[in-house]
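Quick look at start_14.txt (compact mmCIF, C-alpha atoms and all ligand atoms):
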# COMPACT_ATOMS: atom_id res chain seq x y z
CA MET A 509 -81.69 27.22 -59.59
CA ARG A 510 -79.27 29.69 -61.21
CA ASN A 511 -76.58 31.21 -59.03
CA LYS A 512 -76.79 35.02 -59.39
CA PRO A 513 -73.83 36.59 -57.63
CA THR A 514 -73.89 40.09 -56.18
CA VAL A 515 -70.12 40.48 -56.60
CA GLN A 516 -67.88 39.27 -59.41
CA VAL A 517 -65.50 36.60 -58.15
CA TYR A 518 -63.47 35.88 -61.26
CA SER A 519 -62.19 32.51 -60.06
CA HIS A 520 -65.77 31.26 -59.84
CA TYR A 521 -66.23 31.28 -63.62
CA THR A 522 -66.36 27.73 -65.00
CA ASP A 523 -64.99 26.29 -68.24
CA GLU A 524 -68.54 26.39 -69.57
CA ASP A 525 -68.77 30.12 -68.76
CA PHE A 526 -65.59 30.79 -70.78
CA GLU A 527 -66.89 28.64 -73.61
CA VAL A 528 -70.23 30.48 -73.66
CA TRP A 529 -68.58 33.92 -73.60
CA GLY A 530 -66.10 32.99 -76.37
CA LEU A 531 -68.71 31.40 -78.57
CA LEU A 532 -71.17 34.29 -78.25
CA PHE A 533 -68.41 36.89 -78.68
CA ASN A 534 -67.01 35.32 -81.87
CA ARG A 535 -70.43 34.65 -83.35
CA GLN A 536 -71.69 38.19 -82.71
CA MET A 537 -68.51 39.92 -83.82
CA LYS A 538 -68.61 38.03 -87.11
CA HIS A 539 -71.97 39.69 -87.85
CA LEU A 540 -71.29 42.99 -86.15
CA LYS A 541 -68.12 43.74 -88.13
CA GLN A 542 -70.49 44.37 -90.99
CA HIS A 543 -73.62 45.51 -89.17
CA ALA A 544 -72.65 47.46 -86.06
CA GLY A 545 -71.86 51.15 -85.95
CA ARG A 546 -68.20 52.13 -86.24
CA LEU A 547 -68.20 53.71 -82.75
CA TYR A 548 -69.39 50.46 -81.16
CA LEU A 549 -66.73 48.39 -82.93
CA GLU A 550 -64.00 50.82 -81.89
CA ALA A 551 -65.34 50.84 -78.32
CA VAL A 552 -65.23 47.01 -78.07
CA ASP A 553 -61.53 47.23 -78.90
CA ASN A 554 -60.85 50.19 -76.65
CA ILE A 555 -62.61 48.71 -73.62
CA GLY A 556 -60.53 45.56 -74.08
CA PHE A 557 -63.19 42.90 -74.70
CA ARG A 558 -61.92 39.68 -76.27
CA ALA A 559 -63.27 36.23 -77.06
CA ASP A 560 -60.91 34.39 -74.73
CA LYS A 561 -61.52 36.49 -71.62
CA ILE A 562 -64.75 37.09 -69.73
CA PRO A 563 -64.57 40.81 -68.89
CA ASP A 564 -63.34 41.64 -65.41
CA PHE A 565 -65.50 44.42 -63.94
CA GLY A 566 -62.48 46.06 -62.25
CA ALA A 567 -60.47 46.32 -65.48
CA THR A 568 -63.56 47.37 -67.47
CA ASN A 569 -64.30 50.11 -64.94
CA GLN A 570 -60.78 51.49 -65.28
CA MET A 571 -61.29 51.87 -69.02
CA LEU A 572 -64.73 53.44 -68.57
CA GLN A 573 -63.50 55.75 -65.83
CA ALA A 574 -60.70 57.06 -68.03
CA ALA A 575 -62.97 57.55 -71.05
CA THR A 576 -66.18 59.04 -69.63
CA GLY A 577 -66.27 58.49 -65.85
CA TRP A 578 -68.89 55.74 -66.11
CA GLN A 579 -68.80 52.56 -64.01
CA LEU A 580 -70.46 49.17 -64.04
CA CYS A 581 -71.84 47.85 -60.78
CA VAL A 582 -72.88 44.25 -60.26
CA ALA A 583 -76.64 43.71 -60.22
CA LYS A 584 -78.00 40.32 -59.24
CA GLU A 585 -80.85 40.73 -61.71
CA LEU A 586 -82.99 43.51 -63.20
CA VAL A 587 -83.02 46.42 -60.77
CA PRO A 588 -86.26 48.32 -59.96
CA GLN A 589 -86.95 51.25 -62.26
CA ASP A 590 -86.36 54.02 -59.70
CA GLU A 591 -83.05 52.47 -58.66
CA PHE A 592 -82.07 52.04 -62.32
CA PHE A 593 -82.65 55.72 -63.13
CA ARG A 594 -80.84 56.80 -59.95
CA LEU A 595 -77.80 54.73 -60.98
CA LEU A 596 -77.79 56.13 -64.52
CA SER A 597 -77.94 59.66 -63.12
CA GLN A 598 -74.75 58.82 -61.17
CA LYS A 599 -73.04 57.37 -64.27
CA ILE A 600 -73.35 53.80 -63.00
CA PHE A 601 -74.72 51.00 -65.17
CA PRO A 602 -76.03 47.94 -63.30
CA ALA A 603 -74.90 44.72 -64.99
CA THR A 604 -75.25 41.06 -64.15
CA CYS A 605 -72.02 39.06 -63.89
CA TRP A 606 -73.44 35.58 -64.55
CA LEU A 607 -73.62 33.94 -67.97
CA ARG A 608 -76.27 31.85 -69.66
CA THR A 609 -75.54 28.13 -70.08
CA MET A 610 -74.67 26.41 -73.38
CA ALA A 611 -78.26 25.11 -73.45
CA GLU A 612 -79.56 28.70 -73.36
CA LEU A 613 -77.30 30.27 -76.01
CA ASP A 614 -80.07 31.73 -78.13
CA TYR A 615 -82.89 32.26 -75.73
CA LEU A 616 -82.87 33.70 -72.28
CA GLU A 617 -85.76 35.13 -70.29
CA GLU A 618 -83.72 37.79 -68.50
CA PRO A 619 -80.57 39.71 -69.38
CA ASP A 620 -77.29 38.01 -68.50
CA MET A 621 -73.74 39.34 -68.57
CA PHE A 622 -73.40 38.90 -72.32
CA HIS A 623 -76.33 41.24 -72.90
CA ASP A 624 -75.45 43.69 -70.11
CA VAL A 625 -71.70 43.87 -70.61
CA PHE A 626 -71.07 43.04 -74.28
CA GLY A 627 -74.23 44.89 -75.33
CA HIS A 628 -74.27 47.91 -73.05
CA ALA A 629 -70.79 48.63 -71.72
CA PRO A 630 -68.70 49.47 -74.84
CA LEU A 631 -70.70 52.51 -75.93
CA LEU A 632 -70.39 53.99 -72.44
CA MET A 633 -66.83 54.74 -73.65
CA GLU A 634 -68.34 57.13 -76.20
CA PRO A 635 -68.80 60.68 -74.77
CA ALA A 636 -72.06 61.69 -76.52
CA TYR A 637 -73.72 58.32 -75.80
CA ALA A 638 -72.55 58.45 -72.19
CA ALA A 639 -73.84 62.03 -71.81
CA PHE A 640 -77.25 60.98 -73.15
CA MET A 641 -77.49 58.09 -70.68
CA GLU A 642 -76.61 60.32 -67.73
CA ALA A 643 -79.04 63.07 -68.75
CA PHE A 644 -81.75 60.49 -69.43
CA GLY A 645 -81.28 59.08 -65.90
CA LYS A 646 -81.46 62.55 -64.33
CA LEU A 647 -84.57 63.49 -66.30
CA SER A 648 -86.33 60.19 -65.55
CA LEU A 649 -85.74 60.62 -61.81
CA GLN A 650 -88.00 63.67 -61.92
CA TRP A 651 -90.93 61.61 -63.22
CA LEU A 652 -91.01 58.62 -60.88
CA GLU A 653 -94.49 59.50 -59.61
CA HIS A 654 -96.00 59.87 -63.08
CA PRO A 655 -96.90 56.54 -64.72
CA GLU A 656 -97.60 58.00 -68.18
CA ALA A 657 -94.29 59.87 -68.23
CA LEU A 658 -92.46 56.71 -67.15
CA LYS A 659 -94.18 54.77 -69.93
CA GLN A 660 -93.03 57.32 -72.50
CA LEU A 661 -89.50 57.48 -71.09
CA SER A 662 -89.33 53.67 -71.20
CA ALA A 663 -90.30 53.78 -74.88
CA VAL A 664 -87.42 56.20 -75.58
CA TYR A 665 -84.98 53.95 -73.75
CA TRP A 666 -86.33 50.91 -75.59
CA PHE A 667 -86.08 52.41 -79.08
CA THR A 668 -82.61 53.89 -78.51
CA ILE A 669 -80.42 52.17 -75.90
CA GLU A 670 -81.97 48.72 -76.36
CA PHE A 671 -83.10 48.60 -79.99
CA GLY A 672 -81.69 51.67 -81.69
CA LEU A 673 -80.22 51.84 -85.18
CA LEU A 674 -77.78 54.50 -86.37
CA ARG A 675 -77.30 55.72 -89.94
CA GLU A 676 -73.72 55.55 -91.18
CA ASN A 677 -72.75 56.33 -94.78
CA ASP A 678 -76.44 56.13 -95.60
CA ALA A 679 -76.83 52.58 -94.28
CA PRO A 680 -78.54 51.53 -91.03
CA LYS A 681 -76.17 50.11 -88.42
CA VAL A 682 -76.86 48.56 -85.04
CA PHE A 683 -76.20 50.28 -81.72
CA GLY A 684 -78.97 49.05 -79.35
CA ALA A 685 -77.77 46.47 -76.82
CA GLY A 686 -80.77 44.21 -77.42
CA ILE A 687 -79.68 43.88 -81.05
CA LEU A 688 -75.92 43.83 -80.45
CA SER A 689 -76.24 40.85 -78.11
CA SER A 690 -78.55 38.76 -80.33
CA VAL A 691 -77.70 37.14 -83.66
CA GLY A 692 -81.39 36.73 -84.52
CA GLU A 693 -82.25 40.36 -83.76
CA THR A 694 -79.18 41.61 -85.70
CA ARG A 695 -80.24 39.74 -88.83
CA HIS A 696 -83.88 40.73 -88.40
CA ALA A 697 -83.30 44.44 -87.65
CA LEU A 698 -81.40 45.00 -90.90
CA SER A 699 -83.58 42.75 -93.07
CA ASP A 700 -86.50 43.91 -95.22
CA VAL A 701 -89.06 42.67 -92.67
CA PRO A 702 -89.32 45.42 -90.03
CA ALA A 703 -90.12 49.09 -90.55
CA ARG A 704 -87.22 51.54 -90.09
CA LEU A 705 -88.43 54.96 -89.03
CA PRO A 706 -86.52 58.24 -89.00
CA PHE A 707 -85.69 59.54 -85.53
CA ASP A 708 -88.55 61.55 -84.03
CA ILE A 709 -88.48 61.77 -80.25
CA GLU A 710 -92.15 62.69 -79.88
CA ARG A 711 -93.28 59.83 -82.11
CA MET A 712 -90.93 57.50 -80.26
CA MET A 713 -92.48 58.46 -76.90
CA GLN A 714 -95.92 57.49 -78.20
CA THR A 715 -94.90 54.23 -79.87
CA ALA A 716 -95.94 50.97 -78.24
CA TYR A 717 -93.55 48.02 -78.19
CA ARG A 718 -93.47 44.39 -77.16
CA THR A 719 -90.67 42.83 -75.19
CA ASP A 720 -91.39 39.22 -76.15
CA ILE A 721 -90.92 39.25 -79.94
CA LEU A 722 -88.44 40.39 -82.58
CA GLN A 723 -89.25 44.08 -83.05
CA ASP A 724 -91.47 45.10 -85.95
CA LYS A 725 -90.11 48.65 -86.06
CA TYR A 726 -86.85 50.41 -85.29
CA PHE A 727 -85.95 54.10 -85.18
CA VAL A 728 -82.79 55.21 -86.98
CA ILE A 729 -80.79 58.07 -85.46
CA ASP A 730 -78.11 60.07 -87.30
CA SER A 731 -75.72 60.42 -84.35
CA PHE A 732 -75.54 60.18 -80.56
CA ARG A 733 -75.34 63.97 -80.52
CA GLN A 734 -78.81 63.98 -82.09
CA LEU A 735 -80.08 62.04 -79.05
CA CYS A 736 -78.60 64.63 -76.67
CA ASP A 737 -80.02 67.47 -78.74
CA ALA A 738 -83.52 65.93 -78.49
CA LEU A 739 -83.55 65.97 -74.68
CA PRO A 740 -85.09 69.48 -74.35
CA LEU A 741 -87.89 68.39 -76.68
CA LEU A 742 -88.43 65.26 -74.58
CA GLU A 743 -88.50 67.34 -71.42
CA ALA A 744 -90.97 69.81 -72.90
CA ALA A 745 -93.28 67.03 -74.12
CA LEU A 746 -93.30 65.45 -70.64
CA ALA A 747 -94.06 68.82 -69.05
CA ARG A 748 -97.18 69.07 -71.23
CA LEU A 749 -98.61 65.80 -69.86
CA PRO A 750 -101.65 66.13 -67.60
CA GLU A 751 -100.83 65.51 -63.96
CA SER A 752 -101.10 61.86 -63.01
CA ALA A 753 -104.10 60.62 -61.00
CA GLU A 754 -101.88 60.03 -57.96
CA THR A 755 -100.36 63.49 -58.08
CA PHE A 756 -103.78 65.03 -58.57
CA ALA A 757 -105.26 63.16 -55.62
CA VAL A 758 -102.53 64.38 -53.29
CA SER A 759 -102.56 68.01 -54.35
FE FE B 1 -80.41 45.94 -71.83
As structure tokens - that is how I would like this structure written.
Ligand SMILES: [Fe+2]
Amino acid sequence: MRNKPTVQVYSHYTDEDFEVWGLLFNRQMKHLKQHAGRLYLEAVDNIGFRADKIPDFGATNQMLQAATGWQLCVAKELVPQDEFFRLLSQKIFPATCWLRTMAELDYLEEPDMFHDVFGHAPLLMEPAYAAFMEAFGKLSLQWLEHPEALKQLSAVYWFTIEFGLLRENDAPKVFGAGILSSVGETRHALSDVPARLPFDIERMMQTAYRTDILQDKYFVIDSFRQLCDALPLLEAALARLPESAETFAVS
């Protein structure tokens, strides 16, 4: 049974944990130097992540606080959706602090610290990305009772924060955490196999996805500012949804 701590006790990390972090960090950075967006690569440096040191949440939070006011909090595992949106709205990102084992390097059923921290934390240093995450959390909180709205909001999160691509000098680059933290997904996302679609928030909201396979389509944004600018359109599209069955029954 895996030990999933609710606080980060740095002295509890084992030699294997350090080996796993270092190996994954070096392997990913080798690919990402070429394939990740410039802002992500700069943010990895600025937040202080290195191969030989598992990130300390306290030190990471100081960097985030100074840059955008965001914080990581330790989550034992995936947090419920309503709690997740509430945390985002307060500029808090829930992250696990345990690492996969050497035997699980390339496949893991649930997000570990490498995904949550290496994948998600650096871009929270970036003001436009951080502003989008906060606004997305606040907007989502208003739709907790509406299953169809939540489904569409989840699709937006999936195709941006988890599996988003960003155009840079006319080439697609990676910024979604689900790609950044996976060698296989990095290679696949930029290969000729999947479809790469131009950013369209309304199409994104309606696009189905699977969580158990390499993605067959990715949306490509032009900038994080573009994501922020699309929020009013997202809000308006949600407002046009018919009331949910539950809401209707109560009213
Ligand atoms: Fe994630």
Which residues of chain A come within 6 Å of ligand FE 1 (chain B), and for each one, what is the closest pair of atoms and their distance in Å to one decimal, counting all atoms listed in the file, sorted by chain and residue number, as CSV?
residue,atom,partner,partner_atom,distance
A:Asp624,CA,B:FE1,FE,5.7
A:Glu670,CA,B:FE1,FE,5.5
A:Ala685,CA,B:FE1,FE,5.7
A:Gly686,CA,B:FE1,FE,5.9
**OP:** Between A:Phe727, A:Glu524, A:Leu742, A:Gln714, single out the one closest to A:Ala611, counting all atoms listed in the file.
**Re:**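 Closest to A:Ala611 of all the choices is A:Glu524.
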Quick one: distance from atom CA of A:Arg704 to atom CA of A:Val728 in Å, one decimal?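 Computing the Euclidean distance for atom CA of A:Arg704 and atom CA of A:Val728 yields 6.5 Å.
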query = Near A:Trp529, counting all atoms listed in the file, which residues have an atom at most 12 Å away, once you skip same-chain residues fewer than 2 positions from it, shown as a ChimeraX atom specification?
reply = /A:521-527,531-537,557-563,605-610,613,620-623,625-626,689
Nearest to A:Leu596, restricted to only C-alpha atoms and choosing among A:Glu642, A:Asp564, A:Glu634, A:Glu751, comes out as A:Glu642
Of A:Arg748, A:Ile669, A:Val664, A:Ala697, the one nearest to A:Arg711 when counting all atoms listed in the file is A:Val664
Looking at all atoms listed in the file, which of A:Leu572, A:Val517, A:Leu746, A:Val582 is the one that sits closest to A:Glu656?
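Counting all atoms listed in the file, the residue closest to A:Glu656 is A:Leu746.
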- Give me, please, the distance in Å between atom CA of A:Ala583 and atom CA of A:Thr604, quoted to one decimal.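 That distance, rounded to one decimal, is 4.9 Å.
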My list of candidates is A:Leu580, A:Gly545, A:Trp666, A:Asp590. Which is closest to A:Thr719 when distances are computed with all atoms listed in the file?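 Selected residue with least distance to A:Thr719: A:Trp666.
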